[in-house]
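Quick notes on the structure that follows.
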Amino acid sequence: GAFGTGLESLVYQTVAAAADAFDADFAMSRGMRSLPDLVRALRGESWTEICDWDITRFFCCVVPRPEAAVHFGGSQAALADAAWAMSSRMQYNSWHFVAGNLPRVPEVVARDHFVPPVIPDLAFFSDQHHHGHVHNNVRFSVRSPQAVEVDGRRFDGFMDLRLLRCAGDPFDEQDLLAAHQVSAFIARAASLAAQLVAAGAQLEVTAFDSGWHWRAVTGRGPAASGSPAGQAREAS
């Protein structure tokens with residue numbers, strides 16, 4: 001269809017369905033754009049190269065429900081801006097976690113990174129204290145990180161599924177358990193895609209940039225000015 005790979009389509013369709021099924025204002029999932037580059041770097045033990053990749057090497061598909069525009073002044077443009085801001089931040093999160101899965105050679109230890117997350121969680125009233133959530137009206141959220149195996153190496157926190165609500169009822173434990181199953185489904189697809197790549201397939205994720213989010217949310221192409229800002233090239 002509109003996507004270059006089945007993996008991209010699966011990520012989008014699953015995230016969009018999750019937004020509806022969980023009555024979320026936003027749903028999203030993230031990952032790495034080039035599995036072939038990652039496999040090549042792993043086989044060459046090019047740890048410094050992986051650490052030097054910037055946030056544009058990663059993606060996050062953010063799907064807001066149209067009804068969420070009510071929390072952004074009724075503006076689809078503001079909703080698209082919020083979706084891209086979330087996507088860009090999630091790219092940074094992927095960048096921040098990936099080094100935590102590499103051997104602790106000096107180049108990896110010296111690179112700023114967090115221990116990759118492995119446990120799903122719920123957040124309540126984060127619009128009262130979390131800077132990004134304050135700015136984007138995110139009150140309740142679910143996060144379900146998952147591991148993906150790439151060429152025999154387990155990458156914890158390689159992807160996740162996140163569900164956000166700006167108002168209404170908080171997510172509960174049953175939502176968390178169900179979301180964790182959806183997240184595992186996407187992670188399994190990513191691991192299978194990585195197997196194909198390890199066997200020689202060329203698979204690149206090219207969707208989910210700023211222009212894609214603008215078009216997907218507003219239904220039109222980015223304007224010459226006033227459209228979502230281009231993504232920063234460096235993560236640190």
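Chain labels A, B, ... are given in the sequence in which chains occur in the structure tokens; within each chain residues are numbered consecutively from 1, and ligands are likewise numbered from 1 in the order shown.
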Can you list, as a PDB file with C-alpha atoms, in the first residue's frame, every residue of segment 41-220 of chain A that DSSP puts in alpha helix (DSSP H)?
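For reference, selection_20.pdb as written:
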```pdb
ATOM      1  CA  ALA A  41      27.951  -3.013  12.295  1.00  0.00           C
ATOM      2  CA  LEU A  42      27.355  -5.866  14.741  1.00  0.00           C
ATOM      3  CA  ARG A  43      29.219  -8.344  12.575  1.00  0.00           C
ATOM      4  CA  TRP A  47      30.660  -0.336  18.488  1.00  0.00           C
ATOM      5  CA  THR A  48      31.914   3.214  17.989  1.00  0.00           C
ATOM      6  CA  GLU A  49      29.963   3.544  14.742  1.00  0.00           C
ATOM      7  CA  ILE A  50      26.720   2.462  16.408  1.00  0.00           C
ATOM      8  CA  CYS A  51      27.325   4.900  19.260  1.00  0.00           C
ATOM      9  CA  ASP A  52      27.925   7.703  16.745  1.00  0.00           C
ATOM     10  CA  GLN A  76      -5.332  19.387  13.295  1.00  0.00           C
ATOM     11  CA  ALA A  77      -2.120  21.304  12.579  1.00  0.00           C
ATOM     12  CA  ALA A  78      -1.383  21.611  16.312  1.00  0.00           C
ATOM     13  CA  LEU A  79      -2.188  17.911  16.690  1.00  0.00           C
ATOM     14  CA  ALA A  80       0.298  17.076  13.922  1.00  0.00           C
ATOM     15  CA  ASP A  81       2.945  19.241  15.587  1.00  0.00           C
ATOM     16  CA  ALA A  82       2.381  17.400  18.867  1.00  0.00           C
ATOM     17  CA  ALA A  83       2.616  14.014  17.129  1.00  0.00           C
ATOM     18  CA  TRP A  84       5.933  14.958  15.504  1.00  0.00           C
ATOM     19  CA  ALA A  85       7.301  16.336  18.790  1.00  0.00           C
ATOM     20  CA  MET A  86       6.493  13.008  20.424  1.00  0.00           C
ATOM     21  CA  SER A  87       8.036  11.077  17.538  1.00  0.00           C
ATOM     22  CA  SER A  88      11.245  13.084  17.688  1.00  0.00           C
ATOM     23  CA  ARG A  89      11.517  12.563  21.443  1.00  0.00           C
ATOM     24  CA  MET A  90      11.013   8.814  21.030  1.00  0.00           C
ATOM     25  CA  GLN A  91      13.800   8.748  18.425  1.00  0.00           C
ATOM     26  CA  TYR A  92      16.011  10.247  21.102  1.00  0.00           C
ATOM     27  CA  ASN A  93      14.907   7.561  23.563  1.00  0.00           C
ATOM     28  CA  SER A  94      15.892   4.817  21.100  1.00  0.00           C
ATOM     29  CA  TRP A  95      19.254   6.524  20.603  1.00  0.00           C
ATOM     30  CA  HIS A  96      19.703   6.738  24.374  1.00  0.00           C
ATOM     31  CA  PHE A  97      18.950   3.061  24.987  1.00  0.00           C
ATOM     32  CA  VAL A  98      20.760   1.327  22.133  1.00  0.00           C
ATOM     33  CA  PRO A 106      35.544   2.213  26.489  1.00  0.00           C
ATOM     34  CA  GLU A 107      33.727   3.856  23.563  1.00  0.00           C
ATOM     35  CA  VAL A 108      30.370   2.541  24.783  1.00  0.00           C
ATOM     36  CA  VAL A 109      30.992   3.364  28.435  1.00  0.00           C
ATOM     37  CA  ALA A 110      31.960   6.928  27.481  1.00  0.00           C
ATOM     38  CA  HIS A 131       8.013  18.690  31.079  1.00  0.00           C
ATOM     39  CA  GLY A 132       7.195  17.040  27.743  1.00  0.00           C
ATOM     40  CA  HIS A 133       3.874  15.750  29.037  1.00  0.00           C
ATOM     41  CA  VAL A 134       2.966  19.172  30.432  1.00  0.00           C
ATOM     42  CA  HIS A 135       3.643  20.720  27.032  1.00  0.00           C
ATOM     43  CA  GLU A 173      -3.685  -2.890  35.054  1.00  0.00           C
ATOM     44  CA  GLN A 174      -5.832  -4.686  32.492  1.00  0.00           C
ATOM     45  CA  ASP A 175      -4.900  -2.033  29.913  1.00  0.00           C
ATOM     46  CA  LEU A 176      -1.249  -2.570  30.786  1.00  0.00           C
ATOM     47  CA  LEU A 177      -1.477  -6.350  30.376  1.00  0.00           C
ATOM     48  CA  ALA A 178      -3.299  -6.066  27.043  1.00  0.00           C
ATOM     49  CA  ALA A 179      -0.944  -3.369  25.727  1.00  0.00           C
ATOM     50  CA  HIS A 180       2.019  -5.580  26.643  1.00  0.00           C
ATOM     51  CA  GLN A 181       0.645  -8.290  24.342  1.00  0.00           C
ATOM     52  CA  VAL A 182       0.242  -5.814  21.480  1.00  0.00           C
ATOM     53  CA  SER A 183       3.766  -4.547  22.048  1.00  0.00           C
ATOM     54  CA  ALA A 184       5.086  -8.132  22.005  1.00  0.00           C
ATOM     55  CA  PHE A 185       3.369  -8.670  18.645  1.00  0.00           C
ATOM     56  CA  ILE A 186       5.209  -5.714  17.081  1.00  0.00           C
ATOM     57  CA  ALA A 187       8.494  -6.811  18.672  1.00  0.00           C
ATOM     58  CA  ARG A 188       8.063 -10.320  17.262  1.00  0.00           C
ATOM     59  CA  ALA A 189       7.525  -8.856  13.794  1.00  0.00           C
ATOM     60  CA  ALA A 190      10.665  -6.747  14.184  1.00  0.00           C
ATOM     61  CA  SER A 191      12.669  -9.807  15.251  1.00  0.00           C
ATOM     62  CA  LEU A 192      11.398 -11.742  12.217  1.00  0.00           C
ATOM     63  CA  ALA A 193      12.327  -8.808   9.978  1.00  0.00           C
ATOM     64  CA  ALA A 194      15.802  -8.855  11.545  1.00  0.00           C
ATOM     65  CA  GLN A 195      16.071 -12.568  10.698  1.00  0.00           C
ATOM     66  CA  LEU A 196      15.310 -11.774   7.068  1.00  0.00           C
ATOM     67  CA  VAL A 197      17.944  -9.055   7.089  1.00  0.00           C
ATOM     68  CA  ALA A 198      20.528 -11.366   8.678  1.00  0.00           C
ATOM     69  CA  SER A 210       8.045  14.892  10.023  1.00  0.00           C
ATOM     70  CA  GLY A 211       6.380  15.139   6.614  1.00  0.00           C
ATOM     71  CA  TRP A 212       4.714  11.755   7.048  1.00  0.00           C
ATOM     72  CA  HIS A 213       3.217  12.775  10.403  1.00  0.00           C
ATOM     73  CA  TRP A 214       1.985  16.076   8.975  1.00  0.00           C
ATOM     74  CA  ARG A 215       0.265  14.370   6.047  1.00  0.00           C
ATOM     75  CA  ALA A 216      -1.123  11.500   8.131  1.00  0.00           C
ATOM     76  CA  VAL A 217      -2.708  13.840  10.693  1.00  0.00           C
ATOM     77  CA  THR A 218      -3.801  16.793   8.560  1.00  0.00           C
TER      78      THR A 218
END
```
Going by DSSP on the backbone, which residues of segment 41-149 of chain A come out as strand (DSSP E or B)? List them as JSON, numbers by chain. {"A": [58, 59, 60, 61, 62, 63, 64, 121, 122, 123, 124, 140, 141, 142, 143, 144, 145, 146, 147, 148, 149]}
Report, in Å to a single decimal, how far apart atom CA of Ser29 of chain A and atom CA of Val62 of chain A are. 6.8 Å
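A straight line drawn from atom CA of Ala201 of chain A to atom CA of Thr5 of chain A is 11.6 Å long.
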Hey, which of A:Gly157, A:Gly44, A:Gly31, A:Gly100 ends up closest to Pro120 of chain A? Count only C-alpha atoms. A:Gly157
Mind pulling up the distance from atom CA of Met159 of chain A to atom CA of Val11 of chain A? 10.8 Å
List the neighbours of Ile119 of chain A out to 9 Å using only C-alpha atoms; skip same-chain residues closer than 5 positions along the sequence, and give me the result as a VMD selection string. chain A and resid 143 to 146
